[in-house]
file final.pdb (PDB, C-alpha atoms)
ATOM      1  CA  MET A1418       0.000   0.000   0.000
ATOM      2  CA  PRO A1419       1.643   3.279  -1.084
ATOM      3  CA  SER A1420       2.182   5.962   1.500
ATOM      4  CA  ALA A1421       3.276   9.576   1.477
ATOM      5  CA  ASP A1422       5.278   9.040   4.657
ATOM      6  CA  PRO A1423       8.838   8.011   3.722
ATOM      7  CA  LEU A1424       9.325   6.576   7.227
ATOM      8  CA  LEU A1425       6.956   3.726   6.380
ATOM      9  CA  GLU A1426       8.987   2.806   3.324
ATOM     10  CA  VAL A1427      12.134   2.600   5.443
ATOM     11  CA  ALA A1428      10.404   0.832   8.328
ATOM     12  CA  ASP A1429       8.873  -1.764   6.006
ATOM     13  CA  ALA A1430      12.342  -2.712   4.795
ATOM     14  CA  LEU A1431      13.909  -2.639   8.267
ATOM     15  CA  TYR A1432      11.345  -4.893   9.910
ATOM     16  CA  ALA A1433      11.990  -7.510   7.258
ATOM     17  CA  VAL A1434      15.596  -7.687   8.522
ATOM     18  CA  GLU A1435      16.668 -10.263  11.102
ATOM     19  CA  PRO A1436      16.872  -8.889  14.671
ATOM     20  CA  GLY A1437      20.638  -9.322  14.852
ATOM     21  CA  ALA A1438      21.152  -7.080  11.835
ATOM     22  CA  PHE A1439      18.414  -4.568  12.664
ATOM     23  CA  THR A1440      20.438  -1.971  14.553
ATOM     24  CA  ALA A1441      23.164  -1.727  11.913
ATOM     25  CA  ALA A1442      20.556  -1.551   9.128
ATOM     26  CA  ARG A1443      18.589   1.137  10.968
ATOM     27  CA  ASP A1444      21.670   3.265  11.585
ATOM     28  CA  ALA A1445      22.703   2.900   7.950
ATOM     29  CA  ALA A1446      19.212   3.922   6.806
ATOM     30  CA  ALA A1447      19.308   7.001   9.049
ATOM     31  CA  LYS A1448      22.723   7.904   7.702
ATOM     32  CA  GLU A1449      21.463   7.724   4.110
ATOM     33  CA  VAL A1450      18.877  10.427   4.810
ATOM     34  CA  ARG A1451      21.021  12.544   7.161
ATOM     35  CA  ASP A1452      20.188  15.599   5.064
ATOM     36  CA  ASP A1453      16.596  15.213   6.239
ATOM     37  CA  ARG A1454      17.243  15.541   9.955
ATOM     38  CA  GLU A1455      13.636  14.984  10.977
ATOM     39  CA  LEU A1456      13.333  11.742   9.024
ATOM     40  CA  ALA A1457      16.755  10.547  10.218
ATOM     41  CA  ALA A1458      15.726  11.172  13.827
ATOM     42  CA  ARG A1459      12.476   9.251  13.343
ATOM     43  CA  ILE A1460      14.358   6.325  11.828
ATOM     44  CA  LYS A1461      16.823   6.280  14.729
ATOM     45  CA  LYS A1462      13.881   5.949  17.135
ATOM     46  CA  LEU A1463      12.660   2.717  15.518
ATOM     47  CA  LYS A1464      12.927  -0.078  18.055
ATOM     48  CA  ARG A1465      14.581  -3.407  17.399
ATOM     49  CA  PRO A1466      11.921  -6.151  17.281
ATOM     50  CA  SER A1467      11.947  -9.044  19.706
ATOM     51  CA  LEU A1468      12.509 -12.503  18.233
ATOM     52  CA  ALA A1469       8.799 -13.310  18.462
ATOM     53  CA  ALA A1470       7.850 -10.000  16.813
ATOM     54  CA  TRP A1471      10.367 -10.605  14.014
ATOM     55  CA  ALA A1472       8.901 -14.082  13.440
ATOM     56  CA  VAL A1473       5.392 -12.577  13.134
ATOM     57  CA  ASN A1474       6.654  -9.912  10.726
ATOM     58  CA  LEU A1475       8.437 -12.594   8.691
ATOM     59  CA  LEU A1476       5.291 -14.718   8.586
ATOM     60  CA  VAL A1477       3.198 -11.770   7.419
ATOM     61  CA  ARG A1478       5.607 -11.049   4.564
ATOM     62  CA  ARG A1479       6.240 -14.623   3.462
ATOM     63  CA  GLU A1480       2.674 -15.895   3.898
ATOM     64  CA  ALA A1481       0.840 -12.698   3.033
ATOM     65  CA  GLU A1482      -2.044 -14.357   1.195
ATOM     66  CA  GLN A1483      -2.649 -16.950   3.906
ATOM     67  CA  ILE A1484      -2.462 -14.311   6.623
ATOM     68  CA  GLN A1485      -5.050 -12.233   4.783
ATOM     69  CA  GLN A1486      -7.332 -15.274   4.485
ATOM     70  CA  VAL A1487      -6.928 -16.225   8.148
ATOM     71  CA  LEU A1488      -7.528 -12.673   9.371
ATOM     72  CA  ALA A1489     -10.586 -12.413   7.133
ATOM     73  CA  LEU A1490     -11.800 -15.638   8.706
ATOM     74  CA  GLY A1491     -11.147 -14.023  12.096
ATOM     75  CA  GLU A1492     -13.569 -11.247  11.174
ATOM     76  CA  SER A1493     -16.216 -13.806  10.294
ATOM     77  CA  LEU A1494     -15.588 -15.734  13.494
ATOM     78  CA  ARG A1495     -15.898 -12.598  15.638
ATOM     79  CA  ALA A1496     -19.184 -11.732  13.974
ATOM     80  CA  ALA A1497     -20.527 -15.250  14.309
ATOM     81  CA  ALA A1498     -19.452 -15.618  17.947
ATOM     82  CA  GLU A1499     -22.088 -13.134  19.080
ATOM     83  CA  SER A1500     -24.911 -15.497  18.166
ATOM     84  CA  LEU A1501     -23.365 -18.875  19.029
ATOM     85  CA  ASP A1502     -24.187 -21.064  22.009
ATOM     86  CA  GLY A1503     -21.623 -22.579  24.386
ATOM     87  CA  GLU A1504     -20.887 -25.751  22.415
ATOM     88  CA  GLU A1505     -20.533 -23.882  19.126
ATOM     89  CA  LEU A1506     -18.241 -21.355  20.793
ATOM     90  CA  ARG A1507     -16.025 -24.178  22.068
ATOM     91  CA  ALA A1508     -15.836 -25.577  18.557
ATOM     92  CA  LEU A1509     -15.016 -22.107  17.278
ATOM     93  CA  THR A1510     -12.254 -21.787  19.860
ATOM     94  CA  ARG A1511     -10.767 -25.138  18.786
ATOM     95  CA  GLN A1512     -10.785 -23.999  15.167
ATOM     96  CA  ARG A1513      -9.057 -20.752  16.113
ATOM     97  CA  ARG A1514      -6.422 -22.665  18.033
ATOM     98  CA  GLN A1515      -5.822 -24.935  15.053
ATOM     99  CA  LEU A1516      -5.303 -21.891  12.869
ATOM    100  CA  THR A1517      -2.873 -20.189  15.237
ATOM    101  CA  ALA A1518      -0.990 -23.432  15.943
ATOM    102  CA  ALA A1519      -0.611 -24.093  12.224
ATOM    103  CA  LEU A1520       0.614 -20.562  11.539
ATOM    104  CA  THR A1521       3.028 -20.777  14.461
ATOM    105  CA  GLY A1522       4.439 -23.984  13.013
ATOM    106  CA  THR A1523       4.958 -22.181   9.717
ATOM    107  CA  ALA A1524       6.664 -19.290  11.514
ATOM    108  CA  ARG A1525       9.076 -21.706  13.180
ATOM    109  CA  SER A1526       9.902 -23.286   9.829
ATOM    110  CA  LEU A1527      10.495 -19.890   8.224
ATOM    111  CA  ALA A1528      12.701 -18.830  11.137
ATOM    112  CA  ARG A1529      14.846 -21.953  10.694
ATOM    113  CA  GLU A1530      15.493 -20.872   7.107
ATOM    114  CA  HIS A1531      17.185 -17.842   8.645
ATOM    115  CA  ASP A1532      19.128 -20.006  11.121
ATOM    116  CA  ALA A1533      16.917 -18.762  13.934
ATOM    117  CA  ARG A1534      15.383 -21.170  16.432
ATOM    118  CA  LEU A1535      12.127 -20.264  18.139
ATOM    119  CA  THR A1536      12.106 -21.809  21.584
ATOM    120  CA  PRO A1537       8.771 -23.067  22.920
ATOM    121  CA  ALA A1538       8.464 -19.887  24.979
ATOM    122  CA  VAL A1539       9.017 -17.661  21.925
ATOM    123  CA  ALA A1540       6.682 -19.819  19.842
ATOM    124  CA  ASP A1541       4.022 -19.331  22.522
ATOM    125  CA  GLN A1542       4.476 -15.573  22.151
ATOM    126  CA  VAL A1543       4.065 -15.829  18.385
ATOM    127  CA  GLU A1544       0.897 -17.863  18.817
ATOM    128  CA  ALA A1545      -0.423 -15.342  21.365
ATOM    129  CA  VAL A1546       0.029 -12.493  18.854
ATOM    130  CA  LEU A1547      -1.728 -14.475  16.127
ATOM    131  CA  ASN A1548      -4.535 -15.357  18.495
ATOM    132  CA  ALA A1549      -4.880 -11.663  19.400
ATOM    133  CA  ALA A1550      -5.145 -10.845  15.685
ATOM    134  CA  LEU A1551      -8.078 -13.250  15.370
ATOM    135  CA  LEU A1552      -9.844 -11.811  18.414
ATOM    136  CA  ASP A1553      -9.121  -8.100  18.049
ATOM    137  CA  PRO A1554      -9.491  -6.158  14.760
ATOM    138  CA  VAL A1555      -6.931  -3.556  15.901
ATOM    139  CA  ALA A1556      -4.441  -6.320  16.704
ATOM    140  CA  ALA A1557      -5.085  -7.723  13.233
ATOM    141  CA  GLU A1558      -4.168  -4.369  11.676
ATOM    142  CA  VAL A1559      -0.981  -4.220  13.770
ATOM    143  CA  VAL A1560       0.001  -7.683  12.547
ATOM    144  CA  GLN A1561      -0.805  -6.823   8.927
ATOM    145  CA  SER A1562       1.476  -3.786   9.118
ATOM    146  CA  GLY A1563       4.496  -6.063   9.578
ATOM    147  CA  LEU A1564       5.892  -3.485  12.028
ATOM    148  CA  VAL A1565       5.422  -5.437  15.265
ATOM    149  CA  VAL A1566       8.164  -4.664  17.804
ATOM    150  CA  THR A1567       7.156  -6.879  20.724
ATOM    151  CA  ALA A1568       4.840  -9.777  21.470
ATOM    152  CA  PHE A1569       1.438  -8.909  22.899
ATOM    153  CA  THR A1570      -1.925 -10.375  23.784
ATOM    154  CA  SER A1571      -5.453  -9.121  23.343
ATOM    155  CA  THR A1572      -8.957 -10.452  23.793
ATOM    156  CA  GLY A1573     -10.634  -7.606  21.948
ATOM    157  CA  VAL A1574     -12.320  -6.443  25.145
ATOM    158  CA  SER A1575      -9.837  -3.818  26.316
ATOM    159  CA  GLU A1576      -8.132  -1.291  24.057
ATOM    160  CA  LEU A1577      -4.757  -2.365  22.657
ATOM    161  CA  ASP A1578      -1.810  -0.013  23.308
ATOM    162  CA  VAL A1579      -0.777   0.313  19.660
ATOM    163  CA  ALA A1580       2.125   2.675  20.387
ATOM    164  CA  ALA A1581       3.730   0.045  22.609
ATOM    165  CA  VAL A1582       3.589  -2.809  20.087
ATOM    166  CA  CYS A1583       3.861  -1.153  16.655
ATOM    167  CA  ALA A1584       6.984   0.629  15.401
ATOM    168  CA  VAL A1585       4.952   3.255  13.549
ATOM    169  CA  PRO A1586       1.535   3.517  15.260
ATOM    170  CA  GLU A1587       0.073   5.780  12.594
ATOM    171  CA  ALA A1588       0.598   2.983  10.071
ATOM    172  CA  VAL A1589      -2.075   0.814  11.683
ATOM    173  CA  GLY A1590      -5.058   0.560   9.397
ATOM    174  CA  SER A1591      -3.299   2.323   6.527
ATOM    175  CA  TRP A1592      -0.266   0.152   5.806
ATOM    176  CA  THR A1593       0.191  -3.500   4.929
ATOM    177  CA  ALA A1594       3.597  -5.158   4.920
ATOM    178  CA  ARG A1595       4.936  -5.851   1.453
ATOM    179  CA  PRO A1596       5.237  -9.549   0.666
ATOM    180  CA  THR A1597       8.724 -10.952   0.156
ATOM    181  CA  GLU A1598       9.669 -13.569  -2.401
ATOM    182  CA  ALA A1599       9.884 -17.118  -1.116
ATOM    183  CA  PRO A1600      12.903 -19.244  -2.044
ATOM    184  CA  GLU A1601      12.524 -21.981  -4.646
ATOM    185  CA  HIS A1602      12.498 -24.654  -1.980
ATOM    186  CA  GLU A1603       9.514 -23.038  -0.271
ATOM    187  CA  PRO A1604       7.460 -25.735   1.502
ATOM    188  CA  PRO A1605       3.814 -26.394   0.569
ATOM    189  CA  ALA A1606       1.200 -23.871   1.634
ATOM    190  CA  LEU A1607      -0.225 -23.974   5.106
ATOM    191  CA  ILE A1608      -2.920 -26.590   5.748
ATOM    192  CA  VAL A1609      -5.079 -25.593   8.667
ATOM    193  CA  VAL A1610      -6.329 -29.118   9.338
ATOM    194  CA  PRO A1611      -3.545 -30.919  11.267
ATOM    195  CA  ASP A1612      -1.516 -33.320   9.079
ATOM    196  CA  THR A1613       1.617 -35.418   9.551
ATOM    197  CA  HIS A1614       3.880 -32.385   9.249
ATOM    198  CA  LEU A1615       2.036 -30.571  12.014
ATOM    199  CA  LYS A1616       2.075 -33.697  14.177
ATOM    200  CA  VAL A1617       5.832 -33.911  13.726
ATOM    201  CA  GLU A1618       6.136 -30.223  14.600
ATOM    202  CA  ALA A1619       3.958 -30.740  17.675
ATOM    203  CA  ALA A1620       6.015 -33.761  18.722
ATOM    204  CA  ARG A1621       9.248 -31.823  18.213
ATOM    205  CA  GLU A1622       7.880 -28.945  20.266
ATOM    206  CA  ARG A1623       6.797 -31.295  23.065
ATOM    207  CA  LEU A1624      10.285 -32.790  23.083
ATOM    208  CA  GLU A1625      11.883 -29.334  23.233
ATOM    209  CA  GLN A1626       9.566 -28.365  26.060
ATOM    210  CA  ALA A1627      10.376 -31.598  27.897
ATOM    211  CA  VAL A1628      14.107 -31.008  27.485
ATOM    212  CA  GLU A1629      13.744 -27.466  28.787
ATOM    213  CA  ALA A1630      11.552 -28.699  31.648
ATOM    214  CA  VAL A1631      14.182 -31.280  32.612
ATOM    215  CA  ALA A1632      16.925 -28.645  32.510
ATOM    216  CA  HIS A1633      14.763 -26.300  34.576
ATOM    217  CA  ALA A1634      13.971 -29.055  37.086
ATOM    218  CA  GLU A1635      17.650 -30.015  37.353
ATOM    219  CA  ALA A1636      18.522 -26.374  38.018
ATOM    220  CA  GLU A1637      15.773 -26.220  40.627
ATOM    221  CA  VAL A1638      17.070 -29.383  42.299
ATOM    222  CA  ALA A1639      20.621 -28.022  42.308
ATOM    223  CA  GLY A1640      19.414 -24.725  43.740
ATOM    224  CA  VAL A1641      17.347 -26.401  46.455
ATOM    225  CA  ALA A1642      20.207 -28.769  47.279
ATOM    226  CA  GLY A1643      22.530 -25.788  47.711
ATOM    227  CA  SER A1644      19.984 -24.065  49.941
ATOM    228  CA  LEU A1645      19.559 -27.259  51.961
ATOM    229  CA  GLU A1646      23.313 -27.555  52.514
ATOM    230  CA  ARG A1647      23.487 -23.948  53.684
ATOM    231  CA  LEU A1648      20.528 -24.453  56.015
ATOM    232  CA  GLN A1649      22.014 -27.634  57.455
ATOM    233  CA  ALA A1650      25.316 -25.838  58.074
ATOM    234  CA  ARG A1651      23.453 -22.970  59.720
ATOM    235  CA  ARG A1652      21.467 -25.384  61.866
ATOM    236  CA  LEU A1653      24.702 -27.067  63.012
ATOM    237  CA  GLN A1654      26.199 -23.673  63.811
ATOM    238  CA  LEU A1655      23.122 -22.654  65.811
ATOM    239  CA  ARG A1656      23.145 -25.995  67.656
ATOM    240  CA  GLU A1657      26.778 -25.438  68.615
ATOM    241  CA  GLU A1658      25.911 -21.945  69.808
ATOM    242  CA  ILE A1659      23.041 -23.381  71.865
ATOM    243  CA  ASP A1660      25.366 -25.949  73.430
ATOM    244  CA  GLU A1661      27.880 -23.237  74.276
ATOM    245  CA  LEU A1662      25.125 -21.065  75.763
ATOM    246  CA  GLN A1663      23.814 -23.990  77.796
ATOM    247  CA  ARG A1664      27.331 -24.687  79.094
ATOM    248  CA  ARG A1665      27.753 -21.025  79.955
ATOM    249  CA  LEU A1666      24.307 -21.006  81.610
ATOM    250  CA  ALA A1667      25.303 -23.970  83.771
ATOM    251  CA  GLU A1668      28.470 -22.146  84.851
ATOM    252  CA  LEU A1669      26.492 -19.038  85.698
ATOM    253  CA  GLU A1670      23.981 -21.077  87.693
ATOM    254  CA  GLU A1671      26.846 -22.557  89.695
ATOM    255  CA  GLN A1672      28.190 -19.057  90.311
ATOM    256  CA  VAL A1673      24.717 -17.939  91.414
ATOM    257  CA  ASP A1674      24.558 -20.830  93.895
ATOM    258  CA  GLY A1675      27.956 -19.810  95.285
ATOM    259  CA  VAL A1676      26.896 -16.202  95.591
ATOM    260  CA  ASP A1677      23.696 -17.323  97.340
ATOM    261  CA  ASP A1678      25.785 -19.105  99.975
ATOM    262  CA  ASP A1679      27.961 -16.022 100.381
ATOM    263  CA  VAL A1680      24.835 -13.889 100.721
ATOM    264  CA  GLU A1681      23.488 -16.152 103.488
ATOM    265  CA  GLU A1682      26.803 -16.001 105.367
ATOM    266  CA  ALA A1683      26.948 -12.236 104.960
ATOM    267  CA  GLU A1684      23.379 -11.860 106.221
ATOM    268  CA  SER A1685      24.202 -14.034 109.293
ATOM    269  CA  ALA A1686      27.334 -12.017 109.986
ATOM    270  CA  ARG A1687      25.290  -8.821 109.659
ATOM    271  CA  ASP A1688      22.773 -10.094 112.196
ATOM    272  CA  ASP A1689      25.547 -11.033 114.654
ATOM    273  CA  ALA A1690      27.171  -7.651 114.200
ATOM    274  CA  THR A1691      23.835  -5.922 114.763
ATOM    275  CA  ASP A1692      23.288  -7.844 118.013
ATOM    276  CA  ALA A1693      26.806  -7.002 119.175
ATOM    277  CA  LEU A1694      26.204  -3.335 118.315
ATOM    278  CA  GLU A1695      22.994  -3.229 120.336
ATOM    279  CA  GLN A1696      24.686  -4.899 123.323
ATOM    280  CA  ALA A1697      27.631  -2.503 123.179
ATOM    281  CA  ARG A1698      25.268   0.464 123.046
ATOM    282  CA  ALA A1699      23.416  -0.878 126.109
ATOM    283  CA  GLU A1700      26.666  -1.317 128.036
ATOM    284  CA  GLN A1701      27.717   2.184 126.997
ATOM    285  CA  ALA A1702      24.489   3.588 128.355
ATOM    286  CA  GLU A1703      24.906   1.759 131.690
ATOM    287  CA  ALA A1704      28.500   2.969 132.031
ATOM    288  CA  GLN A1705      27.444   6.540 131.305
ATOM    289  CA  ALA A1706      24.701   6.295 133.919
ATOM    290  CA  GLU A1707      27.118   4.952 136.538
ATOM    291  CA  LEU A1708      29.604   7.720 135.797
ATOM    292  CA  ASP A1709      26.920  10.367 136.077
ATOM    293  CA  ARG A1710      25.820   8.995 139.479
ATOM    294  CA  LEU A1711      29.355   9.009 140.880
ATOM    295  CA  THR A1712      30.179  12.526 139.746
ATOM    296  CA  GLY A1713      26.867  13.960 140.743
ATOM    297  CA  ASP A1714      26.095  15.116 137.276
TER     298      ASP A1714
END
call {"tool": "encode", "arguments": {"input": "final.pdb", "output": "structure tokens"}}
result
Amino acid sequence: MPSADPLLEVADALYAVEPGAFTAARDAAAKEVRDDRELAARIKKLKRPSLAAWAVNLLVRREAEQIQQVLALGESLRAAAESLDGEELRALTRQRRQLTAALTGTARSLAREHDARLTPAVADQVEAVLNAALLDPVAAEVVQSGLVVTAFTSTGVSELDVAAVCAVPEAVGSWTARPTEAPEHEPPALIVVPDTHLKVEAARERLEQAVEAVAHAEAEVAGVAGSLERLQARRLQLREEIDELQRRLAELEEQVDGVDDDVEEAESARDDATDALEQARAEQAEAQAELDRLTGD
């Protein structure tokens, strides 16, 4: 779709480039138009796409006709969903999942042609974007632009933040990514109904997920084992500290018992001294009285 905005022409070419080469290509494109400072600045602001976003952009360019057909079907499905009952809606959901799973399998195959491997997690992001395009007409326009910069989800209920997911937000609804030529060894067109190829892809994906799950579980086990060792060492240290405190407590209790005995002896000595003091005072009084009598005082 022609456009008067030269940024879209540049962006369309840039977002067909692999993520690893994007930054260099963007900087080179900005340098080519350095005489137009405004355009160069806008080009420099274009964000590098995530791997999942690049895979969606690649799919849109390489499978343009199929994407158009699927998104058109999405429009029909959204319209029909309003009048369907629960069972029909479940069937509709299964059909949508078949479509997105098939397209995701195609995206993975196309990525491998560029020596890029989509991990199960990235493939899930690709499928989420495609699913959003079937549910949300705005998301569909973002996908059709081929200018996706990051994976996103949408149910069509809340408003999609176009500026956050599309490199050139104003392109949405007015720009469609230009198809790219497929190599001669291009595989057969996408078949929505699952076939042997899709079963193999699904089996391969399950294996990759299992391998990643095993690696994750092994890392978890190693991490927990390390934590357990540290906790056991800490417990031993605390037990030793408790033993030392108990030993010290026993010593202090013995010292308290000794001090108690000393206190009792001191109290007894105090009582004896008090009695002696009282007796001495009495004798002093008697002697004073006797002296007073003899001297006539």
call {"tool": "atom_distance", "arguments": {"input": "final.pdb", "atom1": "atom CA of A:Lys1448", "atom2": "atom CA of A:Lys1461"}}
result
9.3 Å
call {"tool": "axis_aligned_box", "arguments": {"input": "final.pdb", "around": "stretch 1494-1504 of chain A", "padding_each_side": "5 Å", "output": "JSON"}}
result
{"center_x": -20.2, "center_y": -18.7, "center_z": 18.9, "size_x": 19.3, "size_y": 24.0, "size_z": 20.9}
call {"tool": "closest_residue", "arguments": {"input": "final.pdb", "among": "A:Gln1485, A:Thr1440, A:Gln1701, A:Gln1542", "to": "A:Glu1558", "atoms": "only C-alpha atoms"}}
result
A:Gln1485
call {"tool": "residues_around", "arguments": {"input": "final.pdb", "residues": "A:Leu1509", "least_positions_apart": "3", "cutoff": "8 Å", "atoms": "all atoms listed in the file", "output": "MDAnalysis selection string"}}
result
chainID A and resid 1494 1498 1505:1506 1512:1513
call {"tool": "write_last_selection", "arguments": {"input": "final.pdb", "atoms": "C-alpha atoms", "output": "compact mmCIF listing (two decimals), in the frame of the given file"}}
result
# COMPACT_ATOMS: atom_id res chain seq x y z
CA LEU A 1494 -15.59 -15.73 13.49
CA ALA A 1498 -19.45 -15.62 17.95
CA GLU A 1505 -20.53 -23.88 19.13
CA LEU A 1506 -18.24 -21.36 20.79
CA GLN A 1512 -10.78 -24.00 15.17
CA ARG A 1513 -9.06 -20.75 16.11
call {"tool": "resolve_selection", "arguments": {"input": "final.pdb", "expression": "the PyMOL selection byres ((chain A and resi 1576) around 12)", "output": "number ranges by chain"}}
result
A: 1549, 1553-1556, 1570-1575, 1577-1580
call {"tool": "resolve_selection", "arguments": {"input": "final.pdb", "expression": "the PyMOL selection byres ((chain A and resi 1480) around 10)", "output": "list in words"}}
result
Asn1474, Leu1475, Leu1476, Val1477, Arg1478, Arg1479, Ala1481, Glu1482, Gln1483, Ile1484, Gln1485, Leu1520, Thr1523, Ala1524, Leu1527, Pro1596, Thr1597, Glu1598, Ala1599, Ala1606 and Leu1607 of chain A
call {"tool": "atom_distance", "arguments": {"input": "final.pdb", "atom1": "atom CA of A:Asp1678", "atom2": "atom CA of A:Gln1696"}}
result
27.4 Å
call {"tool": "resolve_selection", "arguments": {"input": "final.pdb", "expression": "the PyMOL selection byres ((chain A and resi 1588-1592) around 7)", "output": "count of residues only"}}
result
9
call {"tool": "residues_around", "arguments": {"input": "final.pdb", "residues": "stretch 1430-1434 of chain A", "least_positions_apart": "5", "cutoff": "9 Å", "atoms": "only C-alpha atoms", "output": "list in words"}}
result
Leu1425, Phe1439, Ala1442, Arg1443, Ala1446, Arg1465, Pro1466, Trp1471, Asn1474, Leu1475, Arg1478, Gly1563, Leu1564, Val1565, Val1566, Ala1584, Arg1595 and Thr1597 of chain A
call {"tool": "closest_residue", "arguments": {"input": "final.pdb", "among": "A:Ala1630, A:Ala1568, A:Val1638, A:Leu1666", "to": "A:Ala1581", "atoms": "all atoms listed in the file"}}
result
A:Ala1568
call {"tool": "closest_residue", "arguments": {"input": "final.pdb", "among": "A:His1531, A:Thr1536, A:Asp1660, A:Ala1667", "to": "A:Ala1438", "atoms": "all atoms listed in the file"}}
result
A:His1531
call {"tool": "closest_residue", "arguments": {"input": "final.pdb", "among": "A:Thr1712, A:Glu1684, A:Ser1493, A:Asn1548", "to": "A:Ala1519", "atoms": "all atoms listed in the file"}}
result
A:Asn1548
call {"tool": "closest_residue", "arguments": {"input": "final.pdb", "among": "A:His1633, A:Asp1532, A:Leu1694, A:Val1450", "to": "A:Gly1437", "atoms": "all atoms listed in the file"}}
result
A:Asp1532
call {"tool": "closest_residue", "arguments": {"input": "final.pdb", "among": "A:Ala1639, A:Lys1464, A:Glu1671, A:Leu1535", "to": "A:Thr1521", "atoms": "all atoms listed in the file"}}
result
A:Leu1535
